[in-house]
$ cat run_14.cif   # mmCIF, C-alpha atoms and all ligand atoms
data_run
#
loop_
_atom_site.label_atom_id
_atom_site.label_comp_id
_atom_site.auth_asym_id
_atom_site.auth_seq_id
_atom_site.Cartn_x
_atom_site.Cartn_y
_atom_site.Cartn_z
CA MET A 1 -8.19 -11.28 172.70
CA LEU A 2 -9.39 -8.00 174.15
CA LEU A 3 -7.19 -6.11 176.54
CA PRO A 4 -8.53 -4.65 179.76
CA HIS A 5 -10.41 -1.38 179.63
CA GLN A 6 -11.25 -1.52 175.98
CA PRO A 7 -12.55 0.00 173.75
CA LEU A 8 -10.48 3.13 174.51
CA GLN A 9 -7.39 1.01 174.77
CA GLU A 10 -7.75 -0.18 171.19
CA ALA A 11 -6.39 3.14 170.01
CA ALA A 12 -3.60 3.29 172.57
CA VAL A 13 -2.46 -0.31 172.33
CA PRO A 14 -2.69 -1.80 168.87
CA SER A 15 -2.86 -5.58 169.11
CA ALA A 16 0.31 -5.77 167.01
CA ARG A 17 2.19 -4.32 170.00
CA MET A 18 1.05 -7.06 172.33
CA SER A 19 3.64 -9.71 173.03
CA ALA A 20 2.86 -13.39 172.59
CA ARG A 21 2.85 -13.67 176.39
CA ASP A 22 0.26 -10.93 176.69
CA GLN A 23 -1.95 -12.43 174.06
CA ALA A 24 -1.80 -15.78 175.78
CA GLY A 25 -1.99 -14.42 179.33
CA PRO A 26 -5.19 -15.32 181.13
CA TRP A 27 -5.17 -12.22 183.31
CA HIS A 28 -7.00 -10.08 180.73
CA SER A 29 -10.14 -12.12 181.06
CA GLU A 30 -10.36 -11.34 184.78
CA ALA A 31 -9.84 -7.60 184.43
CA VAL A 32 -12.46 -5.68 186.38
CA CYS A 33 -12.17 -2.75 183.97
CA ARG A 34 -13.65 -4.83 181.18
CA ARG A 35 -16.95 -4.34 182.95
CA ASP A 36 -16.41 -0.77 184.10
CA GLU A 37 -16.47 2.55 182.40
CA ALA A 38 -13.58 2.50 179.93
CA GLY A 39 -13.27 6.29 179.93
CA LEU A 40 -11.81 6.26 183.43
CA PHE A 41 -8.47 4.85 182.37
CA PHE A 42 -7.32 7.16 179.59
CA ALA A 43 -7.29 10.93 179.39
CA PRO A 44 -9.45 12.66 176.84
CA SER A 45 -7.57 15.37 174.95
CA LYS A 46 -7.09 18.68 176.78
CA GLU A 47 -8.32 17.31 180.11
CA PRO A 48 -8.01 19.89 182.90
CA THR A 49 -5.67 18.88 185.74
CA ALA A 50 -8.37 18.69 188.41
CA ALA A 51 -10.51 16.46 186.18
CA ARG A 52 -7.51 14.24 185.40
CA LEU A 53 -6.64 13.79 189.06
CA SER A 54 -10.23 12.94 189.90
CA ARG A 55 -10.53 10.49 186.98
CA GLU A 56 -7.25 8.80 187.86
CA GLU A 57 -8.32 8.36 191.49
CA ALA A 58 -11.57 6.78 190.30
CA ALA A 59 -9.63 4.45 188.00
CA LYS A 60 -7.31 3.49 190.86
CA ARG A 61 -10.33 2.60 193.00
CA VAL A 62 -11.42 0.20 190.24
CA CYS A 63 -7.90 -1.26 190.08
CA ALA A 64 -7.84 -1.71 193.87
CA ARG A 65 -10.63 -4.29 193.62
CA CYS A 66 -9.22 -6.01 190.55
CA PRO A 67 -7.98 -9.59 191.04
CA VAL A 68 -5.26 -9.18 188.40
CA MET A 69 -3.78 -5.88 189.52
CA VAL A 70 -0.27 -7.28 189.98
CA GLU A 71 -0.22 -8.92 186.55
CA CYS A 72 -1.64 -5.81 184.90
CA ARG A 73 0.92 -3.56 186.60
CA GLU A 74 3.82 -5.77 185.51
CA HIS A 75 2.49 -5.86 181.97
CA ALA A 76 2.36 -2.05 181.90
CA LEU A 77 5.87 -1.78 183.35
CA LEU A 78 7.40 -4.35 181.02
CA GLN A 79 5.88 -3.09 177.75
CA PRO A 80 6.10 -0.26 178.87
CA GLU A 81 2.64 1.24 178.43
CA PRO A 82 3.07 5.00 177.98
CA TYR A 83 -0.51 6.11 178.67
CA GLY A 84 -3.35 5.54 181.06
CA VAL A 85 -3.87 3.93 184.43
CA TRP A 86 -2.72 0.32 184.57
CA GLY A 87 -2.46 -1.79 187.69
CA GLY A 88 -3.38 1.14 189.89
CA LEU A 89 -0.53 3.32 188.61
CA THR A 90 -0.62 6.35 186.35
CA ALA A 91 1.92 6.71 183.55
CA ALA A 92 3.95 9.14 185.68
CA GLU A 93 3.94 6.74 188.64
CA ARG A 94 5.10 3.91 186.37
CA ARG A 95 7.99 6.04 185.16
CA VAL A 96 9.07 6.52 188.80
CA VAL A 97 8.88 2.75 189.46
CA LEU A 98 10.90 2.02 186.31
CA ALA A 99 13.55 4.59 187.24
CA ARG A 100 13.84 3.03 190.72
CA ARG A 101 14.20 -0.43 189.18
CA ARG A 102 16.91 0.76 186.80
CA ARG A 103 18.82 2.39 189.68
CA ARG A 104 18.55 -0.79 191.76
CA GLU A 105 19.75 -2.94 188.84
CA ALA A 106 22.69 -0.62 188.23
CA GLU A 107 23.65 -0.77 191.93
CA LEU A 108 23.44 -4.55 191.88
CA GLN A 109 25.64 -4.76 188.79
CA ARG A 110 28.18 -2.41 190.39
CA ALA A 111 28.23 -4.50 193.57
CA THR A 112 28.63 -7.70 191.54
CA ARG A 113 31.59 -6.22 189.63
CA VAL A 114 33.26 -5.06 192.86
CA ALA A 115 32.77 -8.48 194.46
CA ALA A 116 34.12 -10.23 191.36
CA ALA A 117 37.20 -7.97 191.31
CA GLY A 118 37.92 -9.08 194.86
S1 LIG A 201 -5.63 -3.46 187.51
FE1 LIG A 201 -6.90 -1.79 186.75
S2 LIG A 201 -6.27 -1.40 184.66
FE2 LIG A 201 -5.47 -3.39 185.27
S3 LIG A 201 -6.93 -4.89 184.57
FE3 LIG A 201 -7.46 -4.40 186.67
S4 LIG A 201 -8.91 -2.73 186.59
FE4 LIG A 201 -7.95 -2.88 184.57
#

$ encode --input "run_14.cif" --output "structure tokens"
Amino acid sequence: MLLPHQPLQEAAVPSARMSARDQAGPWHSEAVCRRDEAGLFFAPSKEPTAARLSREEAAKRVCARCPVMVECREHALLQPEPYGVWGGLTAAERRVVLARRRRREAELQRATRVAAAG
């Protein structure tokens, strides 16, 4: 099964890295980026900052009208996908979301331990 925004993604995400859930997941087939310009979602080498920001904004506009944005974003967070725009988030934005989730989980675990200790 092809992932969204192929063919560029073929290099970044070898099919061997896809989980069984991803391979079976129906969301890929509804990805808007399968029909759009694949080059929007991954940076070419040595891309100037202004060009990167502009490309990422264009990719996010595609994601904003994608019916599987939530599923795609979760996929990219769970893998995690280290490159490209997925689910309307850049790699840097996904790192921020993951850090927030880890902090929240740690706080919850601390609170659970305190409650259990009475
Ligand atoms: S949310 Fe964006 S990257 Fe994900 S499948 Fe849709 S268009 Fe592609």

$ atom_distance --input "run_14.cif" --atom1 "atom CA of A:Trp27" --atom2 "atom CA of A:Ser54"
26.5 Å

$ closest_residue --input "run_14.cif" --among "A:Glu57, A:Glu47, A:Glu107, A:Glu71" --to "ligand LIG 201 (chain A)" --atoms "only C-alpha atoms and all ligand atoms"
A:Glu71

$ closest_residue --input "run_14.cif" --among "A:Leu89, A:Leu53, A:Leu77, A:Leu108" --to "ligand LIG 201 (chain A)" --atoms "only C-alpha atoms and all ligand atoms"
A:Leu89

$ residues_near_ligand --input "run_14.cif" --ligand "ligand LIG 201 (chain A)" --cutoff "9 Å" --atoms "only C-alpha atoms and all ligand atoms" --output "ChimeraX atom specification"
/A:3-5,27-36,41,59-73,75-76,84-89

$ closest_residue --input "run_14.cif" --among "A:Tyr83, A:Ala116, A:Arg103, A:Leu78" --to "A:Ala43" --atoms "all atoms listed in the file"
A:Tyr83

$ atom_distance --input "run_14.cif" --atom1 "atom CA of A:Glu93" --atom2 "atom CA of A:Gly39"
19.3 Å

$ axis_aligned_box --input "run_14.cif" --around "stretch 68-86 of chain A" --padding-each-side "6 Å" --output "lines of an AutoDock Vina configuration file"
center_x = 1.1
center_y = -1.5
center_z = 183.9
size_x = 24.7
size_y = 27.3
size_z = 24.2

$ residues_around --input "run_14.cif" --residues "A:Pro82" --least-positions-apart "3" --cutoff "9 Å" --atoms "all atoms listed in the file" --output "CSV table (one decimal) with C-alpha atoms, in the frame of the given file"
chain,number,residue,atom,x,y,z
A,12,ALA,CA,-3.6,3.3,172.6
A,76,ALA,CA,2.4,-2.0,181.9
A,79,GLN,CA,5.9,-3.1,177.8
A,91,ALA,CA,1.9,6.7,183.6
A,92,ALA,CA,4.0,9.1,185.7
A,94,ARG,CA,5.1,3.9,186.4
A,95,ARG,CA,8.0,6.0,185.2

$ atom_distance --input "run_14.cif" --atom1 "atom CA of A:Ser45" --atom2 "atom CA of A:Ala58"
18.0 Å

$ closest_residue --input "run_14.cif" --among "A:Arg101, A:Glu74, A:Gly118, A:Thr90" --to "A:Leu40" --atoms "only C-alpha atoms"
A:Thr90
